[in-house]
Amino acid sequence: MQRQIRPEDVRLGMYVCGFGGSWFSHPFWRAKFVLKTQHDLERVQGSGVSYVVIDDALGLGIVDQAGSPPVAAARPVPVSIRLQRPERSAQVQWDEREKALERSDKQQAKALVSRSMKVLRTAFADVRLGRAVRMDEVTAIVDDVVGTVDRSPRTLLEILRLKSKNEYTYLHSVAVCTLMVNAARHMGKGAAETRDYGLAGLLHDLGKMGVDDAILNKEGKLTEAEFLAVRNHPEHGYQVLSQSPNIPEAALDVCRHHHEKMDGSGYPFGLPAEAISLVARLGAVCDVYDALTSERAYKNAWSPVEALTAMWSWQGHFDQGLLFTFMQSIGVFPAGMLVQLRSNRLALVLENKRRASRPRVLAFYATRDRQFIAPEDVTIQDNLANDSIVAAADPAEWGFADWDAMVERLLRGDGPALAA
Ligand SMILES: [Fe+2]
Ligand SMILES: [Fe+2]
C-alpha cells in the first residue's frame with residue numbers, strides 16, 4: 001500500500017515510489033527504488049521535498065520514532081518479519097526486489113516497443129497512401145515513452161539498441177523519441193514541451209516512407225539518384241506532416257531540419273547555425289547517436305562511448321554544448337575527455353567498459369587554486385553522486401598544451417609529478 005510520509009520518517013529499506021514536488025526537485029534519476037544506503041537516506045532527508053511516497057508492500061513499512069515495529073495498519077506481520085531479519089538477509093531481499101522491479105520494467109518496456117511498432121507501421125503506411133497521420137495514437141505512444149523514461153530511462157534505450165533490419169526505421173524512431181524525451185527531462189522542460197520533443201523524435205524520419213527500402217538498406221555505395229532520393233526525406237516528411245492536423249511546430253521543425261549541420265554543410269538547405277533551432281539541433285544529435293549505436297546492414301553497432309567519442313570529434317557537425325548536455329542526459333562521456341566536476345576539480349574521463357553508464361573519471365586538478373592535486377579515481381553514480389560532471393573543459397584554456405601526453409602520464413600514474 002502506498003503512503004505519504006514526512007522525509008524525516010524515511011528509513012533504510014523503504015521502497016520509495018514518489019516525492020512531493022516535481023520530478024526535478026529531488027536528486028534521484030529514478031523515481032522508484034529501495035533505499036539501501038545511509039547516503040541515499042541522507043539525500044532524501046536533505047532534499048527539501050515536502051513528502052515522500054513509500055510502498056510498504058515492496059519495502060519496509062512505517063516505523064515509529066524509536067524504530068520499534070511498524071504501525072499496526074501497515075501490514076504488521078510481513079513488515080515485522082522483515083525487521084527481525086539480520087542485515088545481510090535484508091540486503092538480499094532488497095536486491096531481489098530490485099531485480100524483480102528491473103524485470104518488470106523490462107517487460108513493460110518491451111510491451112511498449114511492440115505497441116509503438118504497430119502504431120508506427122500504421123502511421124507510416126498511412127503516409128504511403130497519402131493519408132494524414134493519426135495524431136491521437138502517435139501521441140499516446142509518446143506519453144507512454146515519457147512515463148517509461150521517468151520510471152527507468154535506461155531500460156527502454158537498452159531494448160531499443162537491438163534493432164532488426166526490417167524494423168529499423170520504426171525502432172530507430174522510437175529510440176530517437178526516447179532520447180529526445182530523456183534529454184528534454186534532463187534540460188528541465190515541462191510536460192508539454194517534453195511531449196513535443198518526443199513527437200518530433202518519433203516522426204522525424206516519416207519522409208523515409210517515400211524512399212525505397214532497398215535504397216535505405218543498401219550495403220554498397222548509393223547511385224546519384226538514390227542519394228538524392230534519401231536526401232529528399234526531410235522535405236517529404238515535412239510536406240506530409242504539415243498536411244496533418246495538430247502537429248506541433250517542434251515536430252515539423254525536426255522532421256525538416258534534423259540533417260542540417262552547424263557549419264552549414266548539412267541538407268536539405270545547408271542552413272547556418274543561427275537558423276537551426278535548439279530542438280532541431282537536439283534532433284540531429286539523437287538521430288546520429290542512435291544510428292551509430294545500431295547495427296545496420298552495412299556496419300556493426302558502435303558502443304555508446306565510441307559513438308560519442310566520434311561525434312565529439314566531428315568539428316562543425318553538432319552544437320557542442322548541446323552534445324555535452326546529451327552526454328549528461330544519458331550519463332556517457334568519451335574516454336580521454338577533460339571535464340569539470342561539481343567539486344571544482346578537473347578530471348580525465350577514463351574507460352569504463354564494465355559499466356559504461358557509470359562514468360569513471362580521474363580528478364587531478366583543483367580549479368579554484370589552479371593546482372594539481374593527488375589524482376583520485378571517482379565513479380560518477382547515476383543517482384546518488386557525491387560528485388557529477390558539470391561541463392566539458394578545453395585543455396588549452398587550462399594551460400595543458402599537450403593534452404594527449406598529459407593523458408598518458410595520468411594513466412601511467414604520474415599524476416603528482418605533473419605539478420613539477
Ligand atoms: Fe533522417
Ligand atoms: Fe533518423
# chains A, B, ... in the order shown; residues from 1 in each chain; ligands from 1
call {"tool": "residues_near_ligand", "arguments": {"ligand": "ligand 2", "cutoff": "7 Å", "atoms": "only C-alpha atoms and all ligand atoms", "output": "PDB file with C-alpha atoms, in the first residue's frame"}}
result
ATOM      1  CA  HIS A 172      15.008   3.982 -34.709  1.00  0.00           C
ATOM      2  CA  SER A 173      12.013   6.343 -34.491  1.00  0.00           C
ATOM      3  CA  HIS A 204      11.471  12.765 -37.691  1.00  0.00           C
ATOM      4  CA  ASP A 205      12.036  10.143 -40.391  1.00  0.00           C
ATOM      5  CA  ASP A 287      19.387  10.797 -34.623  1.00  0.00           C
TER       6      ASP A 287
END
call {"tool": "residues_around", "arguments": {"residues": "Ala183 (chain A)", "least_positions_apart": "5", "cutoff": "8 Å", "atoms": "only C-alpha atoms", "output": "PyMOL selection string"}}
result
chain A and resi 325-326+329-330
call {"tool": "write_last_selection", "arguments": {"atoms": "C-alpha atoms", "output": "compact mmCIF listing (two decimals), in the first residue's frame"}}
result
# COMPACT_ATOMS: atom_id res chain seq x y z
CA THR A 325 24.08 18.13 -22.41
CA PHE A 326 23.04 14.99 -24.29
CA SER A 329 21.39 13.07 -20.05
CA ILE A 330 22.49 9.52 -20.86
call {"tool": "residues_near_ligand", "arguments": {"ligand": "ligand 1", "cutoff": "10 Å", "atoms": "only C-alpha atoms and all ligand atoms", "output": "MDAnalysis selection string"}}
result
chainID A and resid 169 172:173 203:208 230:234 237 254:259 283:284 287:288 291
call {"tool": "residues_around", "arguments": {"residues": "Ile389 (chain A)", "least_positions_apart": "2", "cutoff": "8 Å", "atoms": "only C-alpha atoms", "output": "JSON, numbers by chain"}}
result
{"A": [328, 339, 340, 341, 342, 380, 387, 391]}
call {"tool": "residues_around", "arguments": {"residues": "region 243-250 of chain A", "least_positions_apart": "5", "cutoff": "6 Å", "atoms": "only C-alpha atoms", "output": "PyMOL selection string"}}
result
chain A and resi 132-133+200
call {"tool": "residues_around", "arguments": {"residues": "Arg358 (chain A)", "least_positions_apart": "4", "cutoff": "8 Å", "atoms": "only C-alpha atoms", "output": "list in words"}}
result
Gly331, Val332, Asn352, Thr379, Ile380, Gln381 and Asp382 of chain A
call {"tool": "closest_atom_pairs", "arguments": {"of": "region 312-354 of chain A", "to": "region 270-282 of chain A", "cutoff": "7 Å", "atoms": "only C-alpha atoms", "output": "tab-separated table"}}
result
residue	atom	partner	partner_atom	distance
A:Phe318	CA	A:Arg281	CA	6.9
A:Asp319	CA	A:Arg281	CA	6.5
A:Leu322	CA	A:Leu282	CA	6.8
call {"tool": "atom_distance", "arguments": {"atom1": "CA of Arg161 (chain A)", "atom2": "CA of Leu228 (chain A)"}}
result
28.0 Å
call {"tool": "closest_residue", "arguments": {"among": "A:Leu241, A:Val407, A:Val119, A:Val349", "to": "Asp253 (chain A)", "atoms": "only C-alpha atoms"}}
result
A:Leu241
call {"tool": "residues_around", "arguments": {"residues": "region 408-412 of chain A", "least_positions_apart": "4", "cutoff": "12 Å", "atoms": "only C-alpha atoms", "output": "list in words"}}
result
Ala335, Gly336, Leu338, Ala347, Leu348, Val349, Leu350, Glu351, Val361, Leu362, Ala363, Phe364, Tyr365, Phe372, Ile373, Ala374, Pro375, Glu376, Asp377, Asp402, Trp403, Asp404, Pro416, Ala417, Leu418 and Ala419 of chain A
call {"tool": "residues_around", "arguments": {"residues": "Leu157 (chain A)", "least_positions_apart": "2", "cutoff": "12 Å", "atoms": "only C-alpha atoms", "output": "PDB file with C-alpha atoms, in the first residue's frame"}}
result
ATOM      1  CA  ASP A 105      10.477  -2.517 -16.087  1.00  0.00           C
ATOM      2  CA  LYS A 106      11.916  -4.588 -18.940  1.00  0.00           C
ATOM      3  CA  ALA A 109       9.340  -1.515 -21.952  1.00  0.00           C
ATOM      4  CA  LYS A 110       9.180  -4.483 -24.360  1.00  0.00           C
ATOM      5  CA  LEU A 112       5.656  -0.543 -25.177  1.00  0.00           C
ATOM      6  CA  VAL A 113       8.083  -1.189 -28.038  1.00  0.00           C
ATOM      7  CA  VAL A 145       7.549   6.738 -23.578  1.00  0.00           C
ATOM      8  CA  THR A 148       8.743   4.841 -19.048  1.00  0.00           C
ATOM      9  CA  VAL A 149      11.636   7.302 -19.200  1.00  0.00           C
ATOM     10  CA  SER A 152      13.530   3.817 -15.740  1.00  0.00           C
ATOM     11  CA  PRO A 153      15.254   5.716 -18.562  1.00  0.00           C
ATOM     12  CA  ARG A 154      17.905   3.178 -19.481  1.00  0.00           C
ATOM     13  CA  THR A 155      15.674   0.128 -19.824  1.00  0.00           C
ATOM     14  CA  ILE A 159      15.978  -2.684 -25.583  1.00  0.00           C
ATOM     15  CA  LEU A 160      15.903  -0.265 -28.487  1.00  0.00           C
ATOM     16  CA  ARG A 161      19.599  -0.693 -29.266  1.00  0.00           C
ATOM     17  CA  LEU A 162      18.820  -4.136 -30.650  1.00  0.00           C
ATOM     18  CA  LYS A 163      17.188  -3.459 -33.978  1.00  0.00           C
ATOM     19  CA  LEU A 171      12.667   1.119 -33.869  1.00  0.00           C
ATOM     20  CA  HIS A 172      15.008   3.982 -34.709  1.00  0.00           C
ATOM     21  CA  SER A 173      12.013   6.343 -34.491  1.00  0.00           C
ATOM     22  CA  VAL A 174      11.047   5.066 -31.032  1.00  0.00           C
ATOM     23  CA  ALA A 175      14.701   5.259 -29.943  1.00  0.00           C
ATOM     24  CA  VAL A 176      15.080   8.877 -31.116  1.00  0.00           C
ATOM     25  CA  CYS A 177      11.764   9.677 -29.393  1.00  0.00           C
ATOM     26  CA  THR A 178      13.102   8.163 -26.152  1.00  0.00           C
ATOM     27  CA  LEU A 179      16.414  10.028 -26.389  1.00  0.00           C
ATOM     28  CA  MET A 180      14.607  13.319 -27.063  1.00  0.00           C
ATOM     29  CA  VAL A 181      12.264  12.788 -24.103  1.00  0.00           C
ATOM     30  CA  ASN A 182      15.172  11.830 -21.861  1.00  0.00           C
ATOM     31  CA  CYS A 286      19.779  11.965 -31.024  1.00  0.00           C
ATOM     32  CA  TYR A 289      23.747   8.760 -31.833  1.00  0.00           C
ATOM     33  CA  ASP A 290      21.047   6.159 -32.350  1.00  0.00           C
ATOM     34  CA  THR A 293      24.859   2.652 -31.842  1.00  0.00           C
ATOM     35  CA  SER A 294      22.576   0.480 -34.004  1.00  0.00           C
ATOM     36  CA  PRO A 304      27.801   4.446 -26.747  1.00  0.00           C
ATOM     37  CA  ILE A 330      22.491   9.518 -20.862  1.00  0.00           C
ATOM     38  CA  SER A 357      26.554   4.125 -17.855  1.00  0.00           C
TER      39      SER A 357
END
call {"tool": "closest_residue", "arguments": {"among": "A:Arg134, A:Gln108, A:Val211, A:Thr367", "to": "Ala225 (chain A)", "atoms": "only C-alpha atoms"}}
result
A:Val211
call {"tool": "select_by_dssp", "arguments": {"residues": "region 184-341 of chain A", "states": "strand (DSSP E or B)", "output": "MDAnalysis selection string"}}
result
chainID A and resid 296 299 338:341
call {"tool": "write_last_selection", "arguments": {"atoms": "N, CA and C atoms", "output": "PDB file, in the first residue's frame"}}
result
ATOM      1  N   ARG A 296      23.558  -2.077 -38.488  1.00  0.00           N
ATOM      2  CA  ARG A 296      22.908  -1.903 -39.788  1.00  0.00           C
ATOM      3  C   ARG A 296      23.448  -2.917 -40.755  1.00  0.00           C
ATOM      4  N   LYS A 299      27.046  -1.943 -41.311  1.00  0.00           N
ATOM      5  CA  LYS A 299      28.008  -1.672 -40.232  1.00  0.00           C
ATOM      6  C   LYS A 299      27.572  -2.327 -38.920  1.00  0.00           C
ATOM      7  N   LEU A 338      38.413  15.914 -21.191  1.00  0.00           N
ATOM      8  CA  LEU A 338      38.665  16.701 -19.974  1.00  0.00           C
ATOM      9  C   LEU A 338      37.343  17.313 -19.524  1.00  0.00           C
ATOM     10  N   VAL A 339      36.989  17.073 -18.275  1.00  0.00           N
ATOM     11  CA  VAL A 339      35.699  17.578 -17.777  1.00  0.00           C
ATOM     12  C   VAL A 339      35.875  18.300 -16.450  1.00  0.00           C
ATOM     13  N   GLN A 340      34.900  19.129 -16.159  1.00  0.00           N
ATOM     14  CA  GLN A 340      34.897  19.836 -14.883  1.00  0.00           C
ATOM     15  C   GLN A 340      33.874  19.156 -13.972  1.00  0.00           C
ATOM     16  N   LEU A 341      34.261  18.947 -12.701  1.00  0.00           N
ATOM     17  CA  LEU A 341      33.366  18.289 -11.757  1.00  0.00           C
ATOM     18  C   LEU A 341      32.685  19.334 -10.875  1.00  0.00           C
TER      19      LEU A 341
END
call {"tool": "closest_residue", "arguments": {"among": "A:Asp126, A:Asp394, A:Glu137, A:Glu102", "to": "Val240 (chain A)", "atoms": "only C-alpha atoms"}}
result
A:Asp126
